[in-house]
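Report on the structure given below.
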Amino acid sequence: MSNKSIYLNVKDHSVSGEEFELVYNKEFDFLETHPQPSEDKLGAYYESEDYISHTDAKRNLFENLYHFIKGIALKRKLKLINSISETSVSLSTGEKKLLDVGCGTGDFLKVAKDNNWNVSGIEPNENARAIANKKSDDSVFDVEHLLKFKPQSFDVITLWHVLEHLPKLESQIEIFESLLKPNGRLVIAVPNYKSYDANHYKNFWAAFDVPRHLWHFSQTSISRLVATKNMTVVKTEPMIFDAYYVSLLSEKYKNGSMNPFKAFWIGWTSNSKAKRSGEYSSMIYIIKKS
């Protein structure tokens with residue numbers, strides 16, 4: 001098609017070793033992984049002990065560091081949704097209802113639940129879902145349950161590094177819009193392929209993570225995508241730690257070892273440049289119905 005062209009060739013560094021194309025979509029300014037595995041085969045690309053969001057393991061320094069940083073990030077996420085409930089959400093019943101899509105092992109749900117949110121989660125991975133349910137009183141469901149929630153059920157719907165994994169992108173956004181209360185907010189966090197660290201590492205950039213990441217977004221991408229479903233980005237926030245984490249993995253893919261000193265320098269440089277450009281390694285988008 002005339003509005004699509006090959007942007008980059010990228011290898012699956014973590015599971016299969018297969019190569020994929022990143023195809024630029026001019027209409028939405030995002031990159032599409034090509035070919036995309038069929039939904040029945042996609043799960044095989046997640047079958048790795050190193051896929052850290054599906055486990056609570058702390059087997060080595062890297063995993064312990066991941067969970068330490070995640071603890072800090074969880075507090076920031078809680079602060080964000082609390083600020084949304086205070087300034088944007090009309091709570092006629094006094095009950096704050098949260099849906100976390102792709103909730104992994106449920107740590108964010110637990111933090112929110114412990115802070116007076118009525119929580120529900122969606123998690124396709126059976127093992128991760130079992131762990132999450134122990135933390136949230138069995139309030140985590142498989143993907144099919146997404147269509148069983150009543151319309152306008154939630155004050156806040158969050159997707160923390162999840163949207164890039166979802167097939168049928170536009171229909172997913174339509175579902176989330178329908179599940180939001182009239183004054184609710186959709187919160188999406190995704191990597192930004194226009195960041196400095198993405199441009200530095202190119203095909204070794206760990207946040208491409210093909211083929212698990214089906215889509216690769218810019219700020220323009222998200223705005224155009226949600227606009228198709230009568231929604232608007234009202235605010236963006238940076239995810240500062242992501243530049244360091246992604247750079248560690250990118251160093252491993254590029255040079256065979258994580259090289260923490262080089263990774264820290266690239267992560268710091270990326271964040272420094274983003275203070276001027278606004279192009280952080282990962283971005284959080286707060287979205288409302290138009």
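Every chain in the structure tokens has a letter given in the order shown (A, B, ...), and although residue numbers restart at 1 in each chain, ligands are simply numbered from 1 in the order shown.
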
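Within 12 Å of Pro167 (chain A), once only C-alpha atoms are used and residues closer than 3 positions along the same chain are dropped, the contacting residues are A:Glu32, A:Thr33, A:Gln36, A:Pro37, A:Ser38, A:Glu39, A:Asp40, A:Leu42, A:Val143, A:Val162, A:Leu163, A:Glu164, A:Glu170, A:Ser171, A:Gln172, A:Ile173, A:Pro211, A:Arg212, A:His213, A:Leu214, A:Trp215.
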
Non-local contacts of Lys150 (chain A) (10 Å; only C-alpha atoms; under 6 positions in same chain excluded) as a tab-separated table (two decimals) with N, CA, C and O atoms, in the first residue's frame:
```tsv
chain	number	residue	atom	x	y	z
A	178	SER	N	-16.09	2.26	25.44
A	178	SER	CA	-17.45	1.89	25.87
A	178	SER	C	-17.50	1.55	27.35
A	178	SER	O	-18.55	1.73	28.00
A	179	LEU	N	-16.39	1.07	27.92
A	179	LEU	CA	-16.37	0.67	29.33
A	179	LEU	C	-16.11	1.83	30.28
A	179	LEU	O	-16.31	1.70	31.49
A	180	LEU	N	-15.68	2.98	29.74
A	180	LEU	CA	-15.42	4.15	30.58
A	180	LEU	C	-16.71	4.87	30.95
A	180	LEU	O	-17.60	5.04	30.11
```

Find the spatial neighbours of Lys77 (chain A), counting only C-alpha atoms, within a cut-off of 9 Å - ignore same-chain residues fewer than 5 positions away - and output them as a PDB file with N, CA, C and O atoms, in the first residue's frame.
```
ATOM      1  N   ILE A  72       8.919   1.394  42.946  1.00  0.00           N
ATOM      2  CA  ILE A  72       8.857   2.852  42.821  1.00  0.00           C
ATOM      3  C   ILE A  72       7.801   3.256  41.796  1.00  0.00           C
ATOM      4  O   ILE A  72       7.002   4.179  42.020  1.00  0.00           O
ATOM      5  N   ASN A  82      -4.890   8.360  41.466  1.00  0.00           N
ATOM      6  CA  ASN A  82      -5.535   9.109  42.547  1.00  0.00           C
ATOM      7  C   ASN A  82      -5.756  10.564  42.144  1.00  0.00           C
ATOM      8  O   ASN A  82      -6.792  11.162  42.460  1.00  0.00           O
ATOM      9  N   PHE A 108       0.016  -3.953  40.617  1.00  0.00           N
ATOM     10  CA  PHE A 108      -0.661  -2.656  40.570  1.00  0.00           C
ATOM     11  C   PHE A 108      -2.076  -2.765  41.117  1.00  0.00           C
ATOM     12  O   PHE A 108      -2.546  -1.881  41.847  1.00  0.00           O
TER      13      PHE A 108
END
```

### Message
Using DSSP assignments from the backbone, pull out every residue in region 210-285 of chain A that falls under helix (DSSP H, G or I) and give it to me as a ChimeraX atom specification.
### Response
/A:219-227,240-255,260-277

#### Entry: Distance query Lys26 (chain A) at most 8 Å, only C-alpha atoms, self and fewer than 3 positions along chain excluded, as a PyMOL selection string
chain A and resi 3-4+29-30

### Summary
Counting only C-alpha atoms, closest pick from A:Ile175, A:Leu99, A:Asn199, A:Glu123 relative to Phe154 (chain A) is A:Leu99

Can you tell me which residues surround Ile84 (chain A) at a distance of at most 10 Å, considering only C-alpha atoms, apart from same-chain residues fewer than 6 positions away, and format the answer as a CSV table (one decimal) with C-alpha atoms, in the first residue's frame?
```csv
chain,number,residue,atom,x,y,z
A,78,LEU,CA,-1.1,5.0,42.2
A,90,SER,CA,-17.3,12.2,39.0
A,155,ASP,CA,-13.7,5.4,36.3
A,156,VAL,CA,-10.2,4.6,35.1
A,184,GLY,CA,-13.6,8.5,33.1
A,185,ARG,CA,-10.0,8.3,31.9
A,187,VAL,CA,-4.4,5.6,30.8
A,286,ILE,CA,-4.2,10.3,29.9
```

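Residues within 12 Å of Lys202 (chain A), counting only C-alpha atoms and excluding same-chain residues fewer than 5 positions away, are Tyr7, Leu8, Asn9, Val10, Lys11, Leu22, Tyr193, Lys194, Ser195, Tyr196, Asp197, Ala207, Phe208, Asp209, Ser247, Ser250, Glu251, Tyr253 and Lys254 of chain A.
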